[in-house]
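File shown: start.pdb (PDB, C-alpha atoms).
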MODEL        1
ATOM      1  CA  MET A   1      13.336   9.013   6.095
ATOM      2  CA  LEU A   2      11.779  10.841   3.164
ATOM      3  CA  LEU A   3       8.296   9.540   2.400
ATOM      4  CA  ASP A   4       7.513   9.359  -1.303
ATOM      5  CA  THR A   5       4.184  10.460  -2.710
ATOM      6  CA  THR A   6       3.128   6.862  -3.401
ATOM      7  CA  PHE A   7       3.618   5.976   0.269
ATOM      8  CA  ILE A   8       1.585   8.957   1.469
ATOM      9  CA  ILE A   9      -1.222   8.154  -0.993
ATOM     10  CA  ASP A  10      -1.266   4.539   0.170
ATOM     11  CA  LEU A  11      -1.512   5.721   3.789
ATOM     12  CA  LEU A  12      -4.306   8.169   3.025
ATOM     13  CA  ARG A  13      -6.294   5.546   1.135
ATOM     14  CA  GLY A  14      -5.682   2.987   3.872
ATOM     15  CA  ASP A  15      -5.896   0.097   1.415
ATOM     16  CA  ASN A  16      -2.245  -0.984   1.272
ATOM     17  CA  PRO A  17      -1.393  -3.273   4.218
ATOM     18  CA  ALA A  18       2.338  -3.030   3.513
ATOM     19  CA  ALA A  19       2.261   0.776   3.760
ATOM     20  CA  LEU A  20       0.202   0.689   6.957
ATOM     21  CA  HIS A  21       2.574  -1.864   8.489
ATOM     22  CA  ARG A  22       5.634   0.185   7.500
ATOM     23  CA  ALA A  23       4.105   3.335   8.999
ATOM     24  CA  GLU A  24       3.558   1.479  12.285
ATOM     25  CA  GLU A  25       7.180   0.299  12.242
ATOM     26  CA  LEU A  26       8.444   3.848  11.719
ATOM     27  CA  ASP A  27       6.289   5.114  14.580
ATOM     28  CA  GLN A  28       7.479   2.364  16.918
ATOM     29  CA  ARG A  29      11.121   3.144  16.134
ATOM     30  CA  PHE A  30      10.510   6.880  16.583
ATOM     31  CA  GLU A  31      12.235   7.392  13.246
ATOM     32  CA  SER A  32      12.049  10.885  11.817
ATOM     33  CA  LYS A  33       9.708  11.145   8.850
ATOM     34  CA  GLY A  34       9.571  13.884   6.295
ATOM     35  CA  VAL A  35       8.242  14.833   2.899
ATOM     36  CA  ALA A  36       9.680  16.956   0.138
ATOM     37  CA  SER A  37       7.767  20.101  -0.718
ATOM     38  CA  ILE A  38       7.356  18.490  -4.155
ATOM     39  CA  THR A  39       5.349  15.677  -2.542
ATOM     40  CA  ILE A  40       3.097  18.241  -0.894
ATOM     41  CA  MET A  41       2.499  19.813  -4.310
ATOM     42  CA  GLU A  42       1.669  16.427  -5.863
ATOM     43  CA  LEU A  43      -0.733  15.557  -3.042
ATOM     44  CA  TRP A  44      -2.441  18.964  -3.155
ATOM     45  CA  ARG A  45      -2.825  18.741  -6.922
ATOM     46  CA  GLY A  46      -4.475  15.346  -6.525
ATOM     47  CA  ALA A  47      -6.826  16.687  -3.878
ATOM     48  CA  LEU A  48      -7.844  19.619  -6.060
ATOM     49  CA  GLN A  49      -8.635  17.234  -8.913
ATOM     50  CA  SER A  50     -10.665  14.849  -6.749
ATOM     51  CA  ASN A  51     -14.444  14.680  -6.435
ATOM     52  CA  GLN A  52     -14.182  15.863  -2.819
ATOM     53  CA  PRO A  53     -11.348  18.390  -2.767
ATOM     54  CA  ASP A  54     -12.100  19.872   0.661
ATOM     55  CA  LYS A  55     -12.202  16.458   2.317
ATOM     56  CA  GLU A  56      -8.988  15.361   0.596
ATOM     57  CA  LYS A  57      -7.182  18.608   1.459
ATOM     58  CA  ARG A  58      -8.121  18.158   5.139
ATOM     59  CA  LYS A  59      -6.756  14.598   5.162
ATOM     60  CA  ILE A  60      -3.520  15.698   3.533
ATOM     61  CA  ALA A  61      -3.079  18.694   5.827
ATOM     62  CA  GLU A  62      -3.606  16.540   8.898
ATOM     63  CA  LEU A  63      -1.059  13.966   7.790
ATOM     64  CA  ILE A  64       1.657  16.345   6.622
ATOM     65  CA  SER A  65       1.356  18.465   9.776
ATOM     66  CA  SER A  66       2.994  15.570  11.641
ATOM     67  CA  LEU A  67       5.941  15.346   9.224
ATOM     68  CA  LEU A  68       9.088  17.334   8.576
ATOM     69  CA  ALA A  69       8.780  19.353   5.377
ATOM     70  CA  TYR A  70      11.960  19.486   3.314
ATOM     71  CA  PRO A  71      12.066  22.512   1.008
ATOM     72  CA  PHE A  72      13.181  22.541  -2.607
ATOM     73  CA  GLN A  73      15.691  25.346  -2.708
ATOM     74  CA  GLU A  74      19.000  26.112  -4.408
ATOM     75  CA  MET A  75      21.029  23.099  -3.237
ATOM     76  CA  GLU A  76      18.166  20.702  -3.924
ATOM     77  CA  ALA A  77      17.586  22.244  -7.349
ATOM     78  CA  LYS A  78      21.245  21.882  -8.300
ATOM     79  CA  LYS A  79      21.302  18.253  -7.171
ATOM     80  CA  ALA A  80      18.087  17.548  -9.108
ATOM     81  CA  ALA A  81      19.646  19.077 -12.230
ATOM     82  CA  GLU A  82      22.672  16.791 -11.848
ATOM     83  CA  ILE A  83      20.364  13.780 -11.523
ATOM     84  CA  GLU A  84      18.297  14.852 -14.527
ATOM     85  CA  VAL A  85      21.310  15.345 -16.777
ATOM     86  CA  ASP A  86      22.692  11.945 -15.762
ATOM     87  CA  LEU A  87      19.352  10.282 -16.585
ATOM     88  CA  ILE A  88      19.116  12.088 -19.937
ATOM     89  CA  LYS A  89      22.645  11.032 -20.875
ATOM     90  CA  ARG A  90      21.790   7.416 -20.071
ATOM     91  CA  GLY A  91      18.421   7.601 -21.874
ATOM     92  CA  GLU A  92      16.505   6.744 -18.703
ATOM     93  CA  MET A  93      14.393   9.832 -18.070
ATOM     94  CA  ILE A  94      11.748   9.692 -15.351
ATOM     95  CA  ASP A  95       9.114  12.108 -14.028
ATOM     96  CA  LEU A  96      10.584  15.472 -13.072
ATOM     97  CA  GLU A  97       8.819  15.375  -9.684
ATOM     98  CA  ASP A  98      10.625  12.132  -8.809
ATOM     99  CA  ILE A  99      13.944  13.679  -9.830
ATOM    100  CA  MET A 100      13.232  16.654  -7.571
ATOM    101  CA  ILE A 101      12.278  14.385  -4.652
ATOM    102  CA  ALA A 102      15.528  12.462  -5.170
ATOM    103  CA  GLY A 103      17.454  15.728  -5.140
ATOM    104  CA  VAL A 104      15.923  16.631  -1.803
ATOM    105  CA  ALA A 105      16.707  13.173  -0.412
ATOM    106  CA  GLN A 106      20.322  13.258  -1.509
ATOM    107  CA  VAL A 107      20.992  16.776  -0.231
ATOM    108  CA  HIS A 108      19.564  15.848   3.176
ATOM    109  CA  ASN A 109      21.125  12.370   3.175
ATOM    110  CA  GLU A 110      17.761  10.679   3.658
ATOM    111  CA  PRO A 111      16.549   7.402   2.180
ATOM    112  CA  VAL A 112      13.336   7.488   0.139
ATOM    113  CA  LEU A 113      10.531   5.204   1.288
ATOM    114  CA  THR A 114       8.638   4.141  -1.822
ATOM    115  CA  ARG A 115       7.189   1.275  -3.820
ATOM    116  CA  ASN A 116       8.138   3.098  -7.034
ATOM    117  CA  LEU A 117      11.246   1.053  -7.735
ATOM    118  CA  LYS A 118      10.729   1.394 -11.508
ATOM    119  CA  TYR A 119      11.736   5.071 -11.482
ATOM    120  CA  PHE A 120      13.747   5.676  -8.330
ATOM    121  CA  SER A 121      16.087   2.724  -8.969
ATOM    122  CA  LYS A 122      17.398   4.560 -12.055
ATOM    123  CA  ILE A 123      18.905   7.293  -9.881
ATOM    124  CA  ARG A 124      22.512   6.671  -8.942
ATOM    125  CA  ASP A 125      23.496   6.816  -5.281
ATOM    126  CA  LEU A 126      19.923   7.208  -4.049
ATOM    127  CA  SER A 127      19.200   5.260  -0.887
ATOM    128  CA  LEU A 128      15.828   3.500  -1.137
ATOM    129  CA  GLU A 129      13.635   1.656   1.312
ATOM    130  CA  LEU A 130      10.776  -0.350  -0.118
ATOM    131  CA  TYR A 131       7.480  -1.437   1.399
TER     132      TYR A 131
ENDMDL
END

What does this structure look like when you write it as structure tokens?
Amino acid sequence: MLLDTTFIIDLLRGDNPAALHRAEELDQRFESKGVASITIMELWRGALQSNQPDKEKRKIAELISSLLAYPFQEMEAKKAAEIEVDLIKRGEMIDLEDIMIAGVAQVHNEPVLTRNLKYFSKIRDLSLELY
């Protein structure tokens, strides 16, 4: 299961009951959980822009240390390019970071856990799990 940035943010904030419940379910099922390196970049960027960057970076580091980190390398980049071109051709462009996360998910055959249906649903053949 690839955890999207929105899910991680909801967990870190602790104010989304659906995200907290879903995290408990994943833990109880001992399901593997991972994040794309792109998600780590997005989280770190947010921490650096916050009013308390050191505190936010510590929270992020603690959480991601318990997750698998999926890299964005050649195969993932090629898959992301395929996704991007398909979206451009259909006139349904979304954020590049979400395209890259989808590329990682598809290469590693992992579903994406997100509440961002607006963007991720535009990507063909992407397995999604919502919370």

Taking all atoms listed in the file into account, produce a table as CSV in which each residue of segment 53-119 of chain A with an atom at most 9 Å from an atom of segment 20-37 of chain A appears once, together with its shortest atom pair and the distance in Å to one decimal, ordered by chain and rising number.
residue,atom,partner,partner_atom,distance
A:Ile64,CA,A:Val35,CA,7.7
A:Ser66,CA,A:Lys33,CA,8.5
A:Leu67,CA,A:Gly34,CA,4.9
A:Leu68,CA,A:Gly34,CA,4.2
A:Ala69,CA,A:Val35,CA,5.2
A:Tyr70,CA,A:Ala36,CA,4.7
A:Pro71,CA,A:Ser37,CA,5.2
A:Phe72,CA,A:Ser37,CA,6.2
A:Met100,CA,A:Ala36,CA,8.5
A:Ile101,CA,A:Ala36,CA,6.0
A:Val104,CA,A:Ala36,CA,6.5
A:Ala105,CA,A:Ala36,CA,8.0

Return the single residue from A:Glu74, A:Glu97, A:Asp10, A:Asp4 that is closest to Leu128 of chain A, with distances computed using only C-alpha atoms.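 Using only C-alpha atoms, Leu128 of chain A sits closest to A:Asp4.
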
One number please: atom CA of Ser121 of chain A to atom CA of Glu92 of chain A, in Å, one decimal.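 Spanning atom CA of Ser121 of chain A to atom CA of Glu92 of chain A is a straight-line distance of 10.5 Å.
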
My list of candidates is A:Ile88, A:Leu43, A:Val112, A:Leu96. Which is closest to Leu63 of chain A when distances are computed with all atoms listed in the file?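 Result for the nearest residue to Leu63 of chain A: A:Leu43.
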
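For the choices A:Ile60, A:Leu126, A:Met1, A:Leu117, the atom-to-atom distance to Ile83 of chain A is smallest for A:Leu126 when using all atoms listed in the file.
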
Closest of A:Glu76, A:Glu62, A:Glu56, A:Asp15 to Ala102 of chain A, counting only C-alpha atoms, is A:Glu76

Would you work out the distance separating atom CA of Leu3 of chain A from atom CA of Met75 of chain A, expressed in Å to one decimal?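 Here the two named atoms are 19.4 Å from each other.
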
Determine the nearest neighbour of Ile94 of chain A from the options A:Pro53, A:Tyr119, A:Gly46, A:Glu110, counting all atoms listed in the file.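 Using all atoms listed in the file, Ile94 of chain A sits closest to A:Tyr119.
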
Of the candidates A:Arg58, A:Thr114, A:Pro17, A:Ile9, which shows the shortest atom-to-atom distance to Glu42 of chain A, using all atoms listed in the file?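 Comparing A:Arg58, A:Thr114, A:Pro17, A:Ile9 against Glu42 of chain A, the winner is A:Ile9.
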
Please measure the separation of atom CA of Gly91 of chain A and atom CA of Leu113 of chain A, giving the value in Å to one decimal. 24.6 Å
